[in-house]
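*Asks:* mmCIF, C-alpha atoms; chains and numbers go by the auth columns, saved as structure_31.cif, coming up:
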data_final
#
loop_
_atom_site.group_PDB
_atom_site.id
_atom_site.type_symbol
_atom_site.label_atom_id
_atom_site.label_comp_id
_atom_site.label_asym_id
_atom_site.label_seq_id
_atom_site.Cartn_x
_atom_site.Cartn_y
_atom_site.Cartn_z
_atom_site.B_iso_or_equiv
_atom_site.auth_seq_id
_atom_site.auth_asym_id
ATOM 1 C CA MET A 1 0.526 43.799 -7.405 0.00 969 I
ATOM 2 C CA SER A 2 3.454 43.020 -5.137 0.00 970 I
ATOM 3 C CA ASP A 3 4.026 39.833 -3.202 0.00 971 I
ATOM 4 C CA PRO A 4 3.205 39.653 0.524 0.00 972 I
ATOM 5 C CA PRO A 5 6.137 39.996 2.933 0.00 973 I
ATOM 6 C CA ILE A 6 8.769 37.273 2.817 0.00 974 I
ATOM 7 C CA LEU A 7 8.789 34.918 5.779 0.00 975 I
ATOM 8 C CA ALA A 8 12.488 35.062 6.619 0.00 976 I
ATOM 9 C CA GLY A 9 14.587 32.903 8.876 0.00 977 I
ATOM 10 C CA HIS A 10 14.612 29.295 9.947 0.00 978 I
ATOM 11 C CA ALA A 11 12.748 29.947 13.205 0.00 979 I
ATOM 12 C CA ALA A 12 9.814 31.562 11.394 0.00 980 I
ATOM 13 C CA TRP A 13 9.426 28.551 9.098 0.00 981 I
ATOM 14 C CA ALA A 14 10.063 25.990 11.848 0.00 982 I
ATOM 15 C CA ALA A 15 7.244 27.584 13.852 0.00 983 I
ATOM 16 C CA LEU A 16 4.851 26.674 11.011 0.00 984 I
ATOM 17 C CA ALA A 17 5.932 23.025 10.969 0.00 985 I
ATOM 18 C CA ALA A 18 3.057 21.817 13.125 0.00 986 I
ATOM 19 C CA PRO A 19 0.687 19.597 11.140 0.00 987 I
ATOM 20 C CA PRO A 20 -2.866 20.818 10.605 0.00 988 I
ATOM 21 C CA PRO A 21 -5.507 19.376 12.973 0.00 989 I
ATOM 22 C CA GLY A 22 -6.104 15.680 12.340 0.00 990 I
ATOM 23 C CA MET A 23 -2.851 15.291 10.390 0.00 991 I
ATOM 24 C CA ALA A 24 0.571 13.893 11.191 0.00 992 I
ATOM 25 C CA PHE A 25 3.879 14.582 9.451 0.00 993 I
ATOM 26 C CA ALA A 26 6.517 11.877 9.069 0.00 994 I
ATOM 27 C CA ARG A 27 9.756 11.222 7.254 0.00 995 I
ATOM 28 C CA GLU A 28 9.147 8.267 4.946 0.00 996 I
ATOM 29 C CA GLU A 29 12.196 8.059 2.692 0.00 997 I
ATOM 30 C CA GLY A 30 12.777 4.398 1.897 0.00 998 I
ATOM 31 C CA ARG A 31 9.356 3.464 3.321 0.00 999 I
ATOM 32 C CA LEU A 32 6.722 5.259 1.251 0.00 1000 I
ATOM 33 C CA ASP A 33 4.982 2.857 -1.142 0.00 1001 I
ATOM 34 C CA PRO A 34 5.635 4.027 -4.725 0.00 1002 I
ATOM 35 C CA ALA A 35 2.035 3.235 -5.718 0.00 1003 I
ATOM 36 C CA GLU A 36 0.723 5.391 -2.867 0.00 1004 I
ATOM 37 C CA PHE A 37 3.120 8.188 -3.852 0.00 1005 I
ATOM 38 C CA THR A 38 2.028 7.933 -7.490 0.00 1006 I
ATOM 39 C CA ALA A 39 -1.645 8.049 -6.514 0.00 1007 I
ATOM 40 C CA VAL A 40 -1.272 11.333 -4.601 0.00 1008 I
ATOM 41 C CA VAL A 41 0.881 12.840 -7.380 0.00 1009 I
ATOM 42 C CA ARG A 42 -1.771 11.863 -9.946 0.00 1010 I
ATOM 43 C CA ALA A 43 -4.642 13.181 -7.801 0.00 1011 I
ATOM 44 C CA SER A 44 -2.852 16.484 -7.182 0.00 1012 I
ATOM 45 C CA GLY A 45 -2.424 17.143 -10.892 0.00 1013 I
ATOM 46 C CA LEU A 46 1.344 17.574 -10.609 0.00 1014 I
ATOM 47 C CA VAL A 47 2.813 16.715 -14.000 0.00 1015 I
ATOM 48 C CA ARG A 48 5.059 13.705 -13.465 0.00 1016 I
ATOM 49 C CA PRO A 49 5.419 10.391 -15.364 0.00 1017 I
ATOM 50 C CA VAL A 50 2.627 8.748 -13.343 0.00 1018 I
ATOM 51 C CA ASP A 51 2.002 6.108 -16.016 0.00 1019 I
ATOM 52 C CA ASP A 52 5.598 4.855 -15.703 0.00 1020 I
ATOM 53 C CA ALA A 53 5.604 2.917 -12.422 0.00 1021 I
ATOM 54 C CA ALA A 54 9.310 2.048 -12.613 0.00 1022 I
ATOM 55 C CA ARG A 55 10.298 5.677 -13.122 0.00 1023 I
ATOM 56 C CA MET A 56 8.065 6.901 -10.284 0.00 1024 I
ATOM 57 C CA ALA A 57 9.558 4.246 -7.988 0.00 1025 I
ATOM 58 C CA ALA A 58 13.083 5.300 -9.013 0.00 1026 I
ATOM 59 C CA MET A 59 12.267 8.968 -8.366 0.00 1027 I
ATOM 60 C CA LEU A 60 11.083 8.109 -4.881 0.00 1028 I
ATOM 61 C CA ALA A 61 13.988 5.741 -4.150 0.00 1029 I
ATOM 62 C CA GLY A 62 16.525 8.393 -5.170 0.00 1030 I
ATOM 63 C CA SER A 63 15.175 11.012 -2.782 0.00 1031 I
ATOM 64 C CA ASN A 64 16.891 11.401 0.567 0.00 1032 I
ATOM 65 C CA LEU A 65 14.156 13.469 2.235 0.00 1033 I
ATOM 66 C CA VAL A 66 10.493 12.502 1.866 0.00 1034 I
ATOM 67 C CA VAL A 67 8.043 14.225 4.210 0.00 1035 I
ATOM 68 C CA THR A 68 4.455 13.036 4.251 0.00 1036 I
ATOM 69 C CA ALA A 69 1.190 14.254 5.711 0.00 1037 I
ATOM 70 C CA ARG A 70 -1.356 11.616 6.703 0.00 1038 I
ATOM 71 C CA ASP A 71 -4.806 11.902 8.225 0.00 1039 I
ATOM 72 C CA ALA A 72 -5.862 10.073 11.382 0.00 1040 I
ATOM 73 C CA ALA A 73 -6.860 7.018 9.322 0.00 1041 I
ATOM 74 C CA GLY A 74 -3.395 6.881 7.742 0.00 1042 I
ATOM 75 C CA ARG A 75 -4.526 8.152 4.330 0.00 1043 I
ATOM 76 C CA LEU A 76 -1.753 9.957 2.455 0.00 1044 I
ATOM 77 C CA ALA A 77 -2.770 13.615 2.139 0.00 1045 I
ATOM 78 C CA GLY A 78 0.439 15.059 0.720 0.00 1046 I
ATOM 79 C CA VAL A 79 4.135 14.592 0.007 0.00 1047 I
ATOM 80 C CA ALA A 80 7.199 16.838 -0.122 0.00 1048 I
ATOM 81 C CA ARG A 81 10.003 14.981 -1.959 0.00 1049 I
ATOM 82 C CA SER A 82 13.486 16.508 -1.764 0.00 1050 I
ATOM 83 C CA PHE A 83 17.205 16.042 -2.361 0.00 1051 I
ATOM 84 C CA THR A 84 19.481 17.600 0.247 0.00 1052 I
ATOM 85 C CA ASP A 85 22.901 17.524 1.881 0.00 1053 I
ATOM 86 C CA PHE A 86 21.308 18.764 5.163 0.00 1054 I
ATOM 87 C CA ALA A 87 24.069 21.378 5.390 0.00 1055 I
ATOM 88 C CA TYR A 88 23.851 23.886 2.549 0.00 1056 I
ATOM 89 C CA GLY A 89 21.144 23.162 -0.002 0.00 1057 I
ATOM 90 C CA CYS A 90 17.833 21.371 -0.455 0.00 1058 I
ATOM 91 C CA TYR A 91 15.872 21.022 -3.689 0.00 1059 I
ATOM 92 C CA LEU A 92 12.198 20.373 -3.010 0.00 1060 I
ATOM 93 C CA SER A 93 11.412 18.526 -6.230 0.00 1061 I
ATOM 94 C CA ASP A 94 7.773 17.557 -5.660 0.00 1062 I
ATOM 95 C CA LEU A 95 5.139 19.123 -3.453 0.00 1063 I
ATOM 96 C CA CYS A 96 1.742 17.547 -3.951 0.00 1064 I
ATOM 97 C CA VAL A 97 -1.449 17.514 -1.904 0.00 1065 I
ATOM 98 C CA ASP A 98 -4.485 15.367 -2.648 0.00 1066 I
ATOM 99 C CA PRO A 99 -7.367 17.716 -3.610 0.00 1067 I
ATOM 100 C CA ALA A 100 -9.460 16.265 -0.767 0.00 1068 I
ATOM 101 C CA PHE A 101 -6.982 17.886 1.653 0.00 1069 I
ATOM 102 C CA GLN A 102 -6.183 21.120 -0.171 0.00 1070 I
ATOM 103 C CA GLY A 103 -7.031 24.385 1.581 0.00 1071 I
ATOM 104 C CA ARG A 104 -6.065 23.007 5.026 0.00 1072 I
ATOM 105 C CA ASN A 105 -2.441 24.245 5.106 0.00 1073 I
ATOM 106 C CA VAL A 106 -1.071 20.787 4.307 0.00 1074 I
ATOM 107 C CA GLY A 107 1.217 22.111 1.549 0.00 1075 I
ATOM 108 C CA ARG A 108 2.493 24.982 3.660 0.00 1076 I
ATOM 109 C CA GLY A 109 3.033 22.615 6.556 0.00 1077 I
ATOM 110 C CA LEU A 110 5.009 20.188 4.388 0.00 1078 I
ATOM 111 C CA ILE A 111 7.267 23.014 3.207 0.00 1079 I
ATOM 112 C CA ALA A 112 7.750 24.253 6.777 0.00 1080 I
ATOM 113 C CA GLU A 113 8.460 20.735 8.076 0.00 1081 I
ATOM 114 C CA THR A 114 11.009 20.217 5.302 0.00 1082 I
ATOM 115 C CA LYS A 115 12.721 23.490 6.265 0.00 1083 I
ATOM 116 C CA ARG A 116 12.644 22.533 9.949 0.00 1084 I
ATOM 117 C CA ILE A 117 14.327 19.200 9.185 0.00 1085 I
ATOM 118 C CA ILE A 118 17.084 20.606 6.964 0.00 1086 I
ATOM 119 C CA GLY A 119 18.025 23.227 9.538 0.00 1087 I
ATOM 120 C CA PRO A 120 18.987 26.895 9.631 0.00 1088 I
ATOM 121 C CA GLY A 121 22.155 26.618 7.520 0.00 1089 I
ATOM 122 C CA CYS A 122 20.416 24.965 4.582 0.00 1090 I
ATOM 123 C CA MET A 123 18.446 26.850 1.933 0.00 1091 I
ATOM 124 C CA LEU A 124 15.357 25.349 0.336 0.00 1092 I
ATOM 125 C CA LEU A 125 14.830 25.768 -3.410 0.00 1093 I
ATOM 126 C CA LEU A 126 11.577 24.941 -5.162 0.00 1094 I
ATOM 127 C CA LEU A 127 10.970 25.351 -8.887 0.00 1095 I
ATOM 128 C CA SER A 128 7.271 25.860 -9.499 0.00 1096 I
ATOM 129 C CA ALA A 129 4.938 24.740 -12.241 0.00 1097 I
ATOM 130 C CA PRO A 130 3.153 27.726 -13.849 0.00 1098 I
ATOM 131 C CA ASP A 131 -0.221 27.376 -12.100 0.00 1099 I
ATOM 132 C CA PRO A 132 0.957 27.593 -8.452 0.00 1100 I
ATOM 133 C CA MET A 133 3.417 30.457 -9.137 0.00 1101 I
ATOM 134 C CA THR A 134 1.082 32.859 -7.300 0.00 1102 I
ATOM 135 C CA TRP A 135 0.532 30.491 -4.350 0.00 1103 I
ATOM 136 C CA TYR A 136 4.113 30.255 -3.040 0.00 1104 I
ATOM 137 C CA PRO A 137 4.588 34.010 -2.456 0.00 1105 I
ATOM 138 C CA LYS A 138 1.354 34.015 -0.426 0.00 1106 I
ATOM 139 C CA LEU A 139 3.080 31.588 1.949 0.00 1107 I
ATOM 140 C CA GLY A 140 5.954 34.007 2.411 0.00 1108 I
ATOM 141 C CA MET A 141 8.405 32.348 0.015 0.00 1109 I
ATOM 142 C CA GLU A 142 10.876 34.571 -1.817 0.00 1110 I
ATOM 143 C CA ARG A 143 10.885 34.644 -5.628 0.00 1111 I
ATOM 144 C CA VAL A 144 14.195 33.950 -7.383 0.00 1112 I
ATOM 145 C CA ALA A 145 14.992 34.464 -11.037 0.00 1113 I
ATOM 146 C CA ASN A 146 18.522 33.141 -11.321 0.00 1114 I
ATOM 147 C CA GLY A 147 18.652 29.654 -12.676 0.00 1115 I
ATOM 148 C CA PHE A 148 19.394 27.592 -15.721 0.00 1116 I
ATOM 149 C CA ILE A 149 18.191 24.237 -16.999 0.00 1117 I
ATOM 150 C CA ILE A 150 19.144 21.424 -19.312 0.00 1118 I
ATOM 151 C CA ARG A 151 15.851 19.669 -20.044 0.00 1119 I
ATOM 152 C CA ARG A 152 15.293 15.904 -19.870 0.00 1120 I
ATOM 153 C CA ASP A 153 14.560 13.931 -23.015 0.00 1121 I
ATOM 154 C CA GLY A 154 11.293 12.471 -21.846 0.00 1122 I
#
Take the structure I supplied and represent it as C-alpha coordinates, if you would.
*Replies:*
Amino acid sequence: MSDPPILAGHAAWAALAAPPPGMAFAREEGRLDPAEFTAVVRASGLVRPVDDAARMAAMLAGSNLVVTARDAAGRLAGVARSFTDFAYGCYLSDLCVDPAFQGRNVGRGLIAETKRIIGPGCMLLLLSAPDPMTWYPKLGMERVANGFIIRRDG
(Lines of atoms letter the chains of each structure in order from A and count residues from 1; the text may use other names and numbers.)
(Lines give C-alpha, C1' and ligand atoms only; values in the text may rest on other atoms or scores of the structure.)
Protein backbone atom coordinates (compact mmCIF):
# COMPACT_ATOMS: atom_id res chain seq x y z
CA MET A 1 0.00 0.00 0.00
CA SER A 2 1.40 3.40 -0.91
CA ASP A 3 1.40 6.49 1.26
CA PRO A 4 -1.20 9.24 0.71
CA PRO A 5 -0.05 12.30 -1.24
CA ILE A 6 2.67 14.42 0.34
CA LEU A 7 1.53 17.77 1.67
CA ALA A 8 4.17 19.97 0.04
CA GLY A 9 5.11 23.56 0.67
CA HIS A 10 5.17 25.88 3.62
CA ALA A 11 1.81 27.47 2.82
CA ALA A 12 0.03 24.11 2.85
CA TRP A 13 1.40 23.29 6.30
CA ALA A 14 0.93 26.82 7.66
CA ALA A 15 -2.74 26.61 6.67
CA LEU A 16 -3.12 23.65 9.06
CA ALA A 17 -1.58 25.54 11.99
CA ALA A 18 -4.91 26.55 13.49
CA PRO A 19 -5.49 24.82 16.83
CA PRO A 20 -8.39 22.39 17.10
CA PRO A 21 -11.59 23.77 18.68
CA GLY A 22 -11.15 24.48 22.38
CA MET A 23 -7.34 24.44 22.13
CA ALA A 24 -4.66 27.10 22.00
CA PHE A 25 -1.10 26.82 20.70
CA ALA A 26 1.76 28.71 22.33
CA ARG A 27 5.52 28.88 22.29
CA GLU A 28 6.71 27.93 25.77
CA GLU A 29 10.47 27.48 25.51
CA GLY A 30 11.98 28.55 28.82
CA ARG A 31 8.53 28.63 30.46
CA LEU A 32 7.10 25.11 30.29
CA ASP A 33 7.29 23.39 33.69
CA PRO A 34 9.51 20.29 33.36
CA ALA A 35 7.14 18.27 35.58
CA GLU A 36 4.20 19.17 33.33
CA PHE A 37 6.26 18.26 30.25
CA THR A 38 7.28 14.95 31.82
CA ALA A 39 3.68 14.13 32.72
CA VAL A 40 2.45 14.53 29.12
CA VAL A 41 5.44 12.58 27.76
CA ARG A 42 4.72 9.77 30.23
CA ALA A 43 0.98 9.76 29.46
CA SER A 44 1.61 9.70 25.71
CA GLY A 45 3.79 6.60 25.95
CA LEU A 46 6.72 8.26 24.19
CA VAL A 47 9.86 6.48 25.36
CA ARG A 48 11.97 9.07 27.16
CA PRO A 49 13.81 9.01 30.52
CA VAL A 50 10.69 10.13 32.43
CA ASP A 51 12.00 8.75 35.73
CA ASP A 52 15.06 11.03 35.53
CA ALA A 53 13.68 14.48 36.41
CA ALA A 54 17.02 16.25 35.97
CA ARG A 55 17.51 14.80 32.49
CA MET A 56 13.96 15.66 31.41
CA ALA A 57 14.46 19.22 32.68
CA ALA A 58 17.77 19.47 30.79
CA MET A 59 16.14 18.17 27.59
CA LEU A 60 13.47 20.84 27.85
CA ALA A 61 15.92 23.62 28.79
CA GLY A 62 18.13 22.81 25.80
CA SER A 63 15.32 23.12 23.27
CA ASN A 64 14.95 26.41 21.44
CA LEU A 65 11.45 25.78 20.08
CA VAL A 66 8.73 24.31 22.31
CA VAL A 67 5.17 24.48 20.98
CA THR A 68 2.35 23.46 23.27
CA ALA A 69 -1.35 22.77 22.91
CA ARG A 70 -3.56 23.55 25.90
CA ASP A 71 -7.29 23.21 26.43
CA ALA A 72 -9.51 26.05 27.60
CA ALA A 73 -8.77 25.18 31.24
CA GLY A 74 -5.02 25.43 30.59
CA ARG A 75 -4.40 21.67 30.74
CA LEU A 76 -1.40 20.60 28.66
CA ALA A 77 -2.70 18.45 25.80
CA GLY A 78 0.49 18.08 23.77
CA VAL A 79 4.03 19.26 23.11
CA ALA A 80 6.29 19.56 20.06
CA ARG A 81 9.90 20.00 21.26
CA SER A 82 12.46 21.03 18.63
CA PHE A 83 15.96 22.31 17.93
CA THR A 84 16.25 24.77 15.05
CA ASP A 85 18.28 27.58 13.51
CA PHE A 86 15.03 29.07 12.07
CA ALA A 87 16.79 29.38 8.71
CA TYR A 88 17.66 25.97 7.28
CA GLY A 89 16.85 23.04 9.54
CA CYS A 90 14.61 21.99 12.41
CA TYR A 91 14.71 18.67 14.25
CA LEU A 92 11.39 17.92 15.92
CA SER A 93 12.71 15.71 18.71
CA ASP A 94 9.53 15.02 20.68
CA LEU A 95 5.92 15.06 19.60
CA CYS A 96 3.59 13.85 22.32
CA VAL A 97 -0.14 14.16 22.90
CA ASP A 98 -1.93 13.13 26.08
CA PRO A 99 -4.24 10.18 25.21
CA ALA A 100 -7.23 12.18 26.48
CA PHE A 101 -6.68 14.55 23.53
CA GLN A 102 -5.61 12.11 20.82
CA GLY A 103 -7.77 11.87 17.71
CA ARG A 104 -8.53 15.62 17.70
CA ASN A 105 -5.74 16.73 15.32
CA VAL A 106 -3.60 18.05 18.18
CA GLY A 107 -0.47 16.26 16.93
CA ARG A 108 -0.98 17.36 13.34
CA GLY A 109 -1.64 20.89 14.52
CA LEU A 110 1.55 20.94 16.60
CA ILE A 111 3.58 19.81 13.59
CA ALA A 112 1.92 22.42 11.37
CA GLU A 113 2.42 25.18 13.95
CA THR A 114 6.09 24.22 14.27
CA LYS A 115 6.48 24.42 10.48
CA ARG A 116 4.65 27.76 10.39
CA ILE A 117 7.02 29.19 13.02
CA ILE A 118 10.25 28.00 11.39
CA GLY A 119 9.26 29.43 8.02
CA PRO A 120 9.40 28.45 4.36
CA GLY A 121 13.20 28.19 4.08
CA CYS A 122 13.55 25.73 6.95
CA MET A 123 12.97 21.99 6.63
CA LEU A 124 11.46 19.98 9.47
CA LEU A 125 12.90 16.55 10.26
CA LEU A 126 11.23 14.08 12.59
CA LEU A 127 12.59 10.63 13.42
CA SER A 128 9.73 8.36 14.39
CA ALA A 129 9.39 5.59 16.93
CA PRO A 130 8.23 2.33 15.28
CA ASP A 131 4.56 2.46 16.30
CA PRO A 132 3.61 5.83 14.73
CA MET A 133 5.55 5.17 11.48
CA THR A 134 2.23 4.71 9.64
CA TRP A 135 0.63 7.82 11.18
CA TYR A 136 2.99 10.50 9.81
CA PRO A 137 2.45 9.67 6.11
CA LYS A 138 -1.31 9.94 6.68
CA LEU A 139 -0.70 13.57 7.64
CA GLY A 140 1.06 14.20 4.35
CA MET A 141 4.64 13.96 5.64
CA GLU A 142 7.29 12.63 3.27
CA ARG A 143 9.27 9.51 4.21
CA VAL A 144 13.07 9.77 4.16
CA ALA A 145 15.56 6.94 4.40
CA ASN A 146 18.88 8.74 4.45
CA GLY A 147 20.28 9.10 7.90
CA PHE A 148 22.83 7.77 10.31
CA ILE A 149 23.05 7.56 14.09
CA ILE A 150 25.52 7.22 16.90
CA ARG A 151 23.43 5.93 19.81
CA ARG A 152 23.50 7.34 23.35
CA ASP A 153 24.86 5.27 26.21
CA GLY A 154 21.76 5.41 28.34
*Asks:* Could you check how far CA of Phe1051 in chain I sits from CA of Ser1031 in chain I, in Å to one decimal?
*Replies:* 5.4 Å
*Asks:* Apply the PyMOL selection byres ((chain I and resi 1057-1062) around 7) to the structure shown and report the selected residues as a VMD selection string.
*Replies:* chain I and resid 1048 to 1056 1063 to 1064 1090 to 1094
*Asks:* What lies within 6 Å of range 1003-1013 of chain I using only C-alpha atoms, ignoring chain neighbours under 4 positions off, as a list in words?
*Replies:* Val1018, Cys1064, Val1065, Asp1066 and Pro1067 of chain I
*Asks:* Could you spell out the hits of the PyMOL selection byres ((chain I and resi 989-1002) around 8) on the shown file, as a VMD selection string?
*Replies:* chain I and resid 987 to 988 1003 to 1006 1021 1024 to 1025 1028 to 1029 1031 to 1040 1078 1081
*Asks:* Give me, please, the distance in Å between CA of Ser1096 in chain I and CA of Ala1113 in chain I, quoted to one decimal.
*Replies:* 11.7 Å
*Asks:* Work out how far apart CA of Val1047 in chain I and CA of Ala982 in chain I are and give it in Å to one decimal.
*Replies:*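 The value is 17.5 Å.
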*Asks:* Take every atom of range 971-980 of chain I listed in the file, pad by 8 Å on each side, and give me the axis-aligned box centre and edge lengths in Å, one decimal, as JSON.
*Replies:*
{"center_x": 8.9, "center_y": 34.6, "center_z": 5.0, "size_x": 27.4, "size_y": 26.7, "size_z": 32.4}
*Asks:* Residues picked by the PyMOL selection byres ((chain I and resi 974-977) around 8) here, as a PyMOL selection string?
*Replies:* chain I and resi 972-973+978-981+1088+1105+1107-1110
*Asks:* Which one is closest to Ala985 in chain I: I:Arg1016, I:Arg1072, I:Lys1083, I:Arg1043? Count only C-alpha atoms.
*Replies:*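 Ranked by minimum distance to Ala985 in chain I, first place goes to I:Lys1083.
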